[in-house]
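The data block below is upload-v1.txt; it holds compact mmCIF, C-alpha atoms and all ligand atoms.
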# COMPACT_ATOMS: atom_id res chain seq x y z
CA MET A 1 -5.24 -120.44 180.74
CA THR A 2 -7.25 -118.02 182.84
CA ASP A 3 -10.54 -119.22 181.41
CA ALA A 4 -10.20 -122.93 182.22
CA ILE A 5 -13.52 -124.67 182.82
CA LYS A 6 -13.55 -127.53 185.32
CA LEU A 7 -16.24 -130.21 185.48
CA LYS A 8 -16.59 -133.19 187.80
CA TYR A 9 -18.71 -136.32 187.38
CA ILE A 10 -19.39 -139.33 189.56
CA VAL A 11 -19.81 -142.61 187.66
CA SER A 12 -22.03 -145.06 189.56
CA PRO A 13 -21.00 -148.70 189.72
CA ASP A 14 -22.96 -151.28 187.71
CA ASP A 15 -25.40 -148.69 186.46
CA PHE A 16 -25.54 -149.18 182.71
CA THR A 17 -28.61 -147.02 182.46
CA ARG A 18 -26.61 -143.98 183.46
CA ALA A 19 -23.38 -144.79 181.68
CA GLY A 20 -22.89 -142.16 179.03
CA GLU A 21 -24.42 -139.30 181.01
CA ALA A 22 -21.06 -137.70 181.78
CA SER A 23 -19.84 -137.97 178.19
CA SER A 24 -23.16 -136.66 176.81
CA ASP A 25 -23.03 -133.71 179.19
CA VAL A 26 -19.46 -132.81 178.20
CA LYS A 27 -20.34 -133.24 174.54
CA GLY A 28 -23.27 -130.82 174.90
CA LYS A 29 -21.12 -128.25 176.68
CA LEU A 30 -18.32 -128.41 174.10
CA LYS A 31 -20.83 -128.03 171.29
CA LYS A 32 -22.34 -124.96 172.95
CA MET A 33 -18.86 -123.50 173.27
CA GLY A 34 -18.52 -123.78 169.51
CA ILE A 35 -15.69 -126.35 169.58
CA GLU A 36 -15.13 -128.06 166.20
CA PRO A 37 -17.40 -131.13 165.71
CA GLU A 38 -14.45 -133.44 165.00
CA ILE A 39 -12.86 -132.56 168.35
CA VAL A 40 -16.16 -132.94 170.19
CA ARG A 41 -16.56 -136.39 168.62
CA LYS A 42 -13.08 -137.45 169.75
CA VAL A 43 -13.77 -136.37 173.31
CA ALA A 44 -17.21 -138.03 173.37
CA ILE A 45 -15.92 -141.40 172.11
CA ALA A 46 -12.81 -141.49 174.31
CA MET A 47 -14.72 -140.45 177.40
CA TYR A 48 -17.66 -142.80 176.86
CA GLU A 49 -15.33 -145.81 176.53
CA GLY A 50 -13.57 -144.77 179.72
CA GLU A 51 -16.87 -144.25 181.50
CA ILE A 52 -18.10 -147.69 180.42
CA ASN A 53 -14.86 -149.30 181.59
CA MET A 54 -15.32 -147.80 185.04
CA VAL A 55 -18.85 -149.21 185.18
CA ILE A 56 -17.92 -152.68 183.88
CA HIS A 57 -14.51 -153.27 185.36
CA ALA A 58 -14.01 -150.98 188.32
CA ASN A 59 -17.14 -150.29 190.43
CA GLY A 60 -17.50 -146.77 189.11
CA GLY A 61 -15.30 -143.78 189.87
CA THR A 62 -14.90 -140.10 189.13
CA ILE A 63 -14.18 -138.11 185.98
CA ASP A 64 -12.58 -134.67 186.07
CA VAL A 65 -12.66 -132.65 182.89
CA GLU A 66 -10.72 -129.45 182.29
CA ILE A 67 -11.28 -127.35 179.21
CA THR A 68 -8.78 -124.66 178.27
CA PRO A 69 -8.51 -122.76 174.97
CA SER A 70 -5.81 -125.20 173.84
CA GLU A 71 -6.91 -128.63 175.11
CA ILE A 72 -9.46 -130.82 176.88
CA THR A 73 -8.11 -133.01 179.68
CA MET A 74 -10.10 -135.94 181.11
CA VAL A 75 -8.97 -137.72 184.26
CA LEU A 76 -10.87 -140.95 184.95
CA ALA A 77 -10.05 -142.35 188.37
CA ASP A 78 -11.36 -145.52 189.98
CA THR A 79 -10.57 -147.67 192.99
CA GLY A 80 -11.23 -150.93 191.13
CA PRO A 81 -9.06 -154.03 190.76
CA GLY A 82 -6.40 -152.42 188.58
CA ILE A 83 -5.07 -153.73 185.25
CA LYS A 84 -2.59 -156.62 185.42
CA ASP A 85 -0.97 -156.22 182.02
CA ILE A 86 -1.55 -152.87 180.31
CA GLU A 87 0.04 -153.94 177.03
CA GLN A 88 -2.33 -156.90 176.79
CA ALA A 89 -5.34 -154.77 177.80
CA MET A 90 -4.48 -152.30 175.03
CA GLN A 91 -4.73 -154.97 172.33
CA GLU A 92 -7.84 -154.87 170.15
CA GLY A 93 -10.13 -157.74 171.09
CA PHE A 94 -8.69 -158.42 174.55
CA SER A 95 -11.45 -158.36 177.14
CA THR A 96 -12.24 -159.84 180.53
CA ALA A 97 -15.86 -158.62 180.35
CA PRO A 98 -18.42 -161.20 181.53
CA ASP A 99 -21.13 -162.59 179.21
CA ASN A 100 -23.92 -160.42 180.61
CA VAL A 101 -21.91 -157.37 179.59
CA ARG A 102 -21.24 -158.81 176.13
CA SER A 103 -24.92 -159.34 175.53
CA LEU A 104 -25.39 -155.58 175.99
CA GLY A 105 -23.06 -154.94 173.07
CA PHE A 106 -19.92 -154.20 175.09
CA GLY A 107 -16.88 -156.29 175.88
CA ALA A 108 -15.47 -156.27 172.36
CA GLY A 109 -12.08 -155.31 173.72
CA MET A 110 -12.12 -152.11 171.67
CA GLY A 111 -12.46 -149.64 174.53
CA LEU A 112 -8.85 -148.89 175.43
CA PRO A 113 -7.75 -149.00 171.74
CA ASN A 114 -10.53 -146.50 170.91
CA MET A 115 -9.49 -144.27 173.81
CA LYS A 116 -5.90 -144.29 172.54
CA LYS A 117 -7.02 -143.64 168.97
CA TYR A 118 -9.35 -140.76 169.73
CA SER A 119 -7.20 -138.94 172.30
CA ASP A 120 -4.01 -137.08 171.44
CA GLU A 121 -2.30 -138.16 174.66
CA MET A 122 -3.17 -141.02 176.99
CA ASP A 123 -1.56 -142.18 180.20
CA ILE A 124 -2.62 -145.11 182.40
CA GLN A 125 -1.54 -145.41 186.02
CA THR A 126 -2.69 -148.61 187.63
CA GLN A 127 -2.00 -150.70 190.70
CA ILE A 128 -3.49 -154.12 191.43
CA GLY A 129 -6.04 -153.91 194.23
CA VAL A 130 -5.76 -150.12 194.40
CA GLY A 131 -7.23 -148.74 191.22
CA THR A 132 -6.66 -147.17 187.83
CA THR A 133 -6.34 -143.59 186.66
CA VAL A 134 -6.55 -142.88 182.95
CA THR A 135 -5.63 -139.39 181.79
CA MET A 136 -6.52 -138.37 178.25
CA LYS A 137 -5.95 -135.12 176.39
CA VAL A 138 -7.54 -133.93 173.19
CA TYR A 139 -5.95 -130.88 171.58
CA ILE A 140 -8.02 -128.00 170.31
CA LYS A 141 -6.23 -126.89 167.16
CA MET B 1 -32.85 -137.38 152.31
CA LEU B 2 -34.21 -135.60 155.37
CA LEU B 3 -35.23 -137.71 158.36
CA LYS B 4 -38.81 -136.44 158.11
CA ASP B 5 -39.05 -137.53 154.45
CA PHE B 6 -37.64 -140.92 155.42
CA LEU B 7 -40.37 -141.23 158.08
CA ASP B 8 -43.02 -140.08 155.59
CA LYS B 9 -42.35 -143.19 153.50
CA LYS B 10 -43.93 -145.14 156.38
CA ILE B 11 -41.93 -148.28 155.61
CA PHE B 12 -40.82 -148.89 159.17
CA ALA B 13 -42.90 -148.80 162.36
CA VAL B 14 -42.05 -145.81 164.54
CA LEU B 15 -41.20 -146.63 168.17
CA ASN B 16 -40.14 -143.10 169.00
CA GLU B 17 -40.20 -139.96 166.90
CA GLY B 18 -37.28 -137.84 168.04
CA LYS B 19 -36.15 -134.26 167.60
CA ASP B 20 -34.42 -132.63 164.67
CA LEU B 21 -36.50 -134.22 161.92
CA ASP B 22 -34.99 -131.78 159.43
CA ARG B 23 -31.58 -133.39 159.66
CA GLU B 24 -29.99 -134.98 156.61
CA LEU B 25 -29.54 -138.76 156.61
CA THR B 26 -26.18 -139.74 155.16
CA LYS B 27 -25.93 -143.52 154.75
CA VAL B 28 -26.80 -146.89 156.27
CA PHE B 29 -24.57 -148.43 158.92
CA CYS B 30 -24.97 -151.95 160.38
CA CYS B 31 -23.27 -153.27 163.55
CA ASP B 32 -24.24 -154.54 167.00
CA LEU B 33 -20.99 -153.93 168.83
CA LEU B 34 -21.32 -150.55 170.47
CA SER B 35 -17.61 -149.64 170.45
CA ILE B 36 -17.46 -150.21 166.72
CA ALA B 37 -20.74 -148.43 166.03
CA MET B 38 -19.64 -145.44 168.07
CA SER B 39 -16.34 -145.03 166.30
CA LYS B 40 -17.39 -146.00 162.77
CA ALA B 41 -21.01 -144.94 162.26
CA PRO B 42 -21.00 -141.74 160.23
CA SER B 43 -22.82 -138.73 161.65
CA GLY B 44 -26.41 -138.71 160.36
CA SER B 45 -26.38 -142.41 159.52
CA VAL B 46 -29.31 -144.82 159.68
CA TRP B 47 -28.04 -147.37 162.20
CA ILE B 48 -29.39 -150.92 161.90
CA THR B 49 -28.94 -153.03 165.03
CA VAL B 50 -30.71 -155.49 167.32
CA MET B 51 -29.45 -153.69 170.44
CA GLY B 52 -32.54 -152.00 171.84
CA ASN B 53 -30.96 -151.02 175.14
CA VAL B 54 -30.17 -147.72 176.78
CA ASN B 55 -26.51 -147.90 175.75
CA ALA B 56 -27.47 -148.01 172.09
CA ILE B 57 -29.37 -144.77 172.66
CA ALA B 58 -26.33 -143.25 174.39
CA VAL B 59 -24.11 -144.30 171.47
CA SER B 60 -26.46 -142.81 168.91
CA VAL B 61 -26.46 -139.49 170.78
CA LEU B 62 -22.66 -139.46 171.10
CA ALA B 63 -22.09 -140.45 167.46
CA GLU B 64 -24.89 -138.13 166.23
CA ILE B 65 -26.61 -140.99 164.44
CA GLY B 66 -29.60 -139.92 162.33
CA CYS B 67 -31.96 -142.65 163.47
CA ILE B 68 -31.92 -146.24 164.73
CA ILE B 69 -33.79 -149.10 163.07
CA LEU B 70 -34.16 -152.16 165.28
CA ALA B 71 -34.09 -155.20 163.02
CA GLU B 72 -35.43 -158.72 163.70
CA ASP B 73 -38.34 -157.23 165.67
CA ALA B 74 -35.89 -156.44 168.46
CA ASN B 75 -37.48 -154.52 171.29
CA LEU B 76 -36.65 -151.19 172.79
CA ASP B 77 -36.66 -151.89 176.51
CA GLU B 78 -38.42 -149.52 178.91
CA THR B 79 -35.33 -147.62 180.08
CA ALA B 80 -34.13 -147.30 176.51
CA PHE B 81 -37.52 -145.96 175.42
CA ALA B 82 -37.47 -143.35 178.20
CA LYS B 83 -33.93 -142.35 177.22
CA ALA B 84 -34.84 -142.10 173.53
CA LYS B 85 -37.74 -139.78 174.44
CA GLU B 86 -35.57 -137.67 176.73
CA GLN B 87 -32.71 -137.39 174.22
CA GLY B 88 -34.94 -137.00 171.16
CA VAL B 89 -33.61 -140.06 169.32
CA THR B 90 -35.77 -141.44 166.51
CA VAL B 91 -36.15 -145.23 166.76
CA LEU B 92 -37.85 -147.37 164.11
CA LYS B 93 -38.50 -151.07 163.89
CA SER B 94 -38.38 -153.79 161.26
CA SER B 95 -39.23 -157.49 161.33
CA SER B 96 -36.61 -158.26 158.65
CA PRO B 97 -33.03 -159.38 159.36
CA ILE B 98 -30.26 -156.81 159.61
CA PHE B 99 -29.05 -157.07 156.00
CA ASP B 100 -32.54 -156.93 154.50
CA THR B 101 -33.48 -154.00 156.70
CA GLY B 102 -30.28 -152.23 155.69
CA LEU B 103 -30.98 -152.85 152.03
CA ILE B 104 -34.52 -151.46 152.27
CA ALA B 105 -33.20 -148.37 154.08
CA HIS B 106 -30.39 -147.99 151.54
CA ASN B 107 -32.81 -148.13 148.64
CA LEU B 108 -35.05 -145.57 150.31
CA LEU B 109 -32.11 -143.21 150.82
CA ASN B 110 -30.84 -143.63 147.29
CA GLY B 111 -34.09 -144.03 145.43
N1 LIG A 201 -10.72 -149.15 184.70
C1 LIG A 201 -10.37 -150.43 184.59
N2 LIG A 201 -10.13 -151.16 185.71
C2 LIG A 201 -9.75 -152.47 185.63
N3 LIG A 201 -9.57 -153.12 184.47
C3 LIG A 201 -9.79 -152.45 183.32
C4 LIG A 201 -10.19 -151.07 183.31
N4 LIG A 201 -10.31 -150.67 182.04
C5 LIG A 201 -10.00 -151.73 181.27
N5 LIG A 201 -9.68 -152.81 182.03
C6 LIG A 201 -9.23 -154.14 181.56
O1 LIG A 201 -8.76 -154.02 180.22
C7 LIG A 201 -9.52 -154.88 179.36
C8 LIG A 201 -9.69 -154.25 177.99
O2 LIG A 201 -10.48 -153.06 178.08
P1 LIG A 201 -11.27 -152.54 176.81
O3 LIG A 201 -10.31 -152.41 175.68
O4 LIG A 201 -12.03 -151.33 177.18
O5 LIG A 201 -12.23 -153.75 176.45
P2 LIG A 201 -13.59 -154.22 177.15
O6 LIG A 201 -14.05 -153.14 178.07
O7 LIG A 201 -14.49 -154.44 176.01
O8 LIG A 201 -13.26 -155.48 177.89
C9 LIG A 201 -10.82 -155.12 180.09
O9 LIG A 201 -11.46 -156.29 179.69
C10 LIG A 201 -10.34 -155.17 181.54
O10 LIG A 201 -9.78 -156.42 181.84
MG MG A 202 -14.17 -151.20 177.49
Starting from the file, lay out its structure as structure tokens.
Amino acid sequence: MTDAIKLKYIVSPDDFTRAGEASSDVKGKLKKMGIEPEIVRKVAIAMYEGEINMVIHANGGTIDVEITPSEITMVLADTGPGIKDIEQAMQEGFSTAPDNVRSLGFGAGMGLPNMKKYSDEMDIQTQIGVGTTVTMKVYIK
Amino acid sequence: MLLKDFLDKKIFAVLNEGKDLDRELTKVFCCDLLSIAMSKAPSGSVWITVMGNVNAIAVSVLAEIGCIILAEDANLDETAFAKAKEQGVTVLKSSSPIFDTGLIAHNLLNG
């Protein structure tokens, strides 16, 4: 635990051109560290979906990443509108994304399900009008 | 087949020649929804889509896609082009529909 690496990213609101920068950066760093490709892929997918959600649904936010020899923890925090019904939001295909977002290839309602699938642990804390914090962990075997 | 050998066939117009031309192409993958493409496209795949935006480039980097072919004469917009250059993503173009483009690419890979 002594050699934990901590990274912090700011996700800008409504900036689709930059969405993916944080996940790409983390992916590059994990690769350089020699982490197994399958684990890097899980982190990249889970984090990119979370990053996109912050851009689309929550006016941006921050992502904190901590890498230890045993796991990678991502904390995605925003001060957006919050999620009314988490169970519904977790269903494949459920989406409140507007049409302009759909025409970019997003808004398929697969984001949260993908995040759940590709992380080993996921926790969502959300409050209407206050914001959402998603914490995901990927284990390094 | 290596990406450079695929390019050497000169079947598709090249919008951007990326890095890592010695990488092995694995198979053809078709889908326009980015969440699906990101989770299902195999590493090294030839991804056929009409999404020529910057997010498609981000997805192909994250999923380690071999190259993108934009079907239906879809355009790579300016930001996407800059991102493809910066990230070294190879992007090709075809005037055929998605299935036909995929079939041509499949036959090239397996022929
Ligand atoms: N950070 C967030 N803040 C507010 N709402 C969110 C957030 N993330 C997800 N949601 C809600 O959950 C729904 C489902 O999310 P997701 O599965 O990623 O699908 P999509 O992003 O394609 O709509 C979204 O449409 C949105 O209503
Ligand atoms: Mg989403």
(request) Could you list, as a ChimeraX atom specification, the residues of chain B having an atom within 7 Å of chain A when counting all atoms listed in the file? (result) /B:32-35,38-39,54,58,62-63
(request) Please identify every polymer residue within 9 Å of ligand LIG 201 (chain A), using only C-alpha atoms and all ligand atoms, and present the set as a ChimeraX atom specification. (result) /A:49-61,76-86,88-98,101-102,106-115,126,128,131-134 /B:35
Export of the given selection (C-alpha atoms) as a PDB file, in the frame of the given file:
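The new file selection.pdb reads:
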ATOM      1  CA  GLU A  49     -15.330-145.810 176.530  1.00  0.00           C
ATOM      2  CA  GLY A  50     -13.570-144.770 179.720  1.00  0.00           C
ATOM      3  CA  GLU A  51     -16.870-144.250 181.500  1.00  0.00           C
ATOM      4  CA  ILE A  52     -18.100-147.690 180.420  1.00  0.00           C
ATOM      5  CA  ASN A  53     -14.860-149.300 181.590  1.00  0.00           C
ATOM      6  CA  MET A  54     -15.320-147.800 185.040  1.00  0.00           C
ATOM      7  CA  VAL A  55     -18.850-149.210 185.180  1.00  0.00           C
ATOM      8  CA  ILE A  56     -17.920-152.680 183.880  1.00  0.00           C
ATOM      9  CA  HIS A  57     -14.510-153.270 185.360  1.00  0.00           C
ATOM     10  CA  ALA A  58     -14.010-150.980 188.320  1.00  0.00           C
ATOM     11  CA  ASN A  59     -17.140-150.290 190.430  1.00  0.00           C
ATOM     12  CA  GLY A  60     -17.500-146.770 189.110  1.00  0.00           C
ATOM     13  CA  GLY A  61     -15.300-143.780 189.870  1.00  0.00           C
ATOM     14  CA  LEU A  76     -10.870-140.950 184.950  1.00  0.00           C
ATOM     15  CA  ALA A  77     -10.050-142.350 188.370  1.00  0.00           C
ATOM     16  CA  ASP A  78     -11.360-145.520 189.980  1.00  0.00           C
ATOM     17  CA  THR A  79     -10.570-147.670 192.990  1.00  0.00           C
ATOM     18  CA  GLY A  80     -11.230-150.930 191.130  1.00  0.00           C
ATOM     19  CA  PRO A  81      -9.060-154.030 190.760  1.00  0.00           C
ATOM     20  CA  GLY A  82      -6.400-152.420 188.580  1.00  0.00           C
ATOM     21  CA  ILE A  83      -5.070-153.730 185.250  1.00  0.00           C
ATOM     22  CA  LYS A  84      -2.590-156.620 185.420  1.00  0.00           C
ATOM     23  CA  ASP A  85      -0.970-156.220 182.020  1.00  0.00           C
ATOM     24  CA  ILE A  86      -1.550-152.870 180.310  1.00  0.00           C
ATOM     25  CA  GLN A  88      -2.330-156.900 176.790  1.00  0.00           C
ATOM     26  CA  ALA A  89      -5.340-154.770 177.800  1.00  0.00           C
ATOM     27  CA  MET A  90      -4.480-152.300 175.030  1.00  0.00           C
ATOM     28  CA  GLN A  91      -4.730-154.970 172.330  1.00  0.00           C
ATOM     29  CA  GLU A  92      -7.840-154.870 170.150  1.00  0.00           C
ATOM     30  CA  GLY A  93     -10.130-157.740 171.090  1.00  0.00           C
ATOM     31  CA  PHE A  94      -8.690-158.420 174.550  1.00  0.00           C
ATOM     32  CA  SER A  95     -11.450-158.360 177.140  1.00  0.00           C
ATOM     33  CA  THR A  96     -12.240-159.840 180.530  1.00  0.00           C
ATOM     34  CA  ALA A  97     -15.860-158.620 180.350  1.00  0.00           C
ATOM     35  CA  PRO A  98     -18.420-161.200 181.530  1.00  0.00           C
ATOM     36  CA  VAL A 101     -21.910-157.370 179.590  1.00  0.00           C
ATOM     37  CA  ARG A 102     -21.240-158.810 176.130  1.00  0.00           C
ATOM     38  CA  PHE A 106     -19.920-154.200 175.090  1.00  0.00           C
ATOM     39  CA  GLY A 107     -16.880-156.290 175.880  1.00  0.00           C
ATOM     40  CA  ALA A 108     -15.470-156.270 172.360  1.00  0.00           C
ATOM     41  CA  GLY A 109     -12.080-155.310 173.720  1.00  0.00           C
ATOM     42  CA  MET A 110     -12.120-152.110 171.670  1.00  0.00           C
ATOM     43  CA  GLY A 111     -12.460-149.640 174.530  1.00  0.00           C
ATOM     44  CA  LEU A 112      -8.850-148.890 175.430  1.00  0.00           C
ATOM     45  CA  PRO A 113      -7.750-149.000 171.740  1.00  0.00           C
ATOM     46  CA  ASN A 114     -10.530-146.500 170.910  1.00  0.00           C
ATOM     47  CA  MET A 115      -9.490-144.270 173.810  1.00  0.00           C
ATOM     48  CA  THR A 126      -2.690-148.610 187.630  1.00  0.00           C
ATOM     49  CA  ILE A 128      -3.490-154.120 191.430  1.00  0.00           C
ATOM     50  CA  GLY A 131      -7.230-148.740 191.220  1.00  0.00           C
ATOM     51  CA  THR A 132      -6.660-147.170 187.830  1.00  0.00           C
ATOM     52  CA  THR A 133      -6.340-143.590 186.660  1.00  0.00           C
ATOM     53  CA  VAL A 134      -6.550-142.880 182.950  1.00  0.00           C
TER      54      VAL A 134
ATOM     55  CA  SER B  35     -17.610-149.640 170.450  1.00  0.00           C
TER      56      SER B  35
END
Compile the contact shell of B:Leu76 as a tab-separated table (two decimals) with C-alpha atoms, in the coordinates of the input: residues with an atom at most 12 Å away, counting all atoms listed in the file, same-chain residues fewer than 4 positions apart removed.
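Written output follows (out22.tsv):
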chain	number	residue	atom	x	y	z
B	14	VAL	CA	-42.05	-145.81	164.54
B	15	LEU	CA	-41.20	-146.63	168.17
B	16	ASN	CA	-40.14	-143.10	169.00
B	49	THR	CA	-28.94	-153.03	165.03
B	50	VAL	CA	-30.71	-155.49	167.32
B	51	MET	CA	-29.45	-153.69	170.44
B	52	GLY	CA	-32.54	-152.00	171.84
B	53	ASN	CA	-30.96	-151.02	175.14
B	54	VAL	CA	-30.17	-147.72	176.78
B	55	ASN	CA	-26.51	-147.90	175.75
B	56	ALA	CA	-27.47	-148.01	172.09
B	57	ILE	CA	-29.37	-144.77	172.66
B	68	ILE	CA	-31.92	-146.24	164.73
B	69	ILE	CA	-33.79	-149.10	163.07
B	70	LEU	CA	-34.16	-152.16	165.28
B	71	ALA	CA	-34.09	-155.20	163.02
B	72	GLU	CA	-35.43	-158.72	163.70
B	80	ALA	CA	-34.13	-147.30	176.51
B	81	PHE	CA	-37.52	-145.96	175.42
B	82	ALA	CA	-37.47	-143.35	178.20
B	83	LYS	CA	-33.93	-142.35	177.22
B	84	ALA	CA	-34.84	-142.10	173.53
B	85	LYS	CA	-37.74	-139.78	174.44
B	90	THR	CA	-35.77	-141.44	166.51
B	91	VAL	CA	-36.15	-145.23	166.76
B	92	LEU	CA	-37.85	-147.37	164.11
B	93	LYS	CA	-38.50	-151.07	163.89
B	94	SER	CA	-38.38	-153.79	161.26
(message) I'd like the contact shell of B:Asn110 - 12 Å cut-off, all atoms listed in the file, skipping same-chain residues fewer than 6 positions apart - returned as a PyMOL selection string.
(response) chain B and resi 1-2+6+25-28+103-104
(message) Using Å and a single decimal, report how far atom CA of B:Glu78 sits from atom CA of B:Phe99.
(response)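 Atom CA of B:Glu78 lies 25.9 Å from atom CA of B:Phe99.
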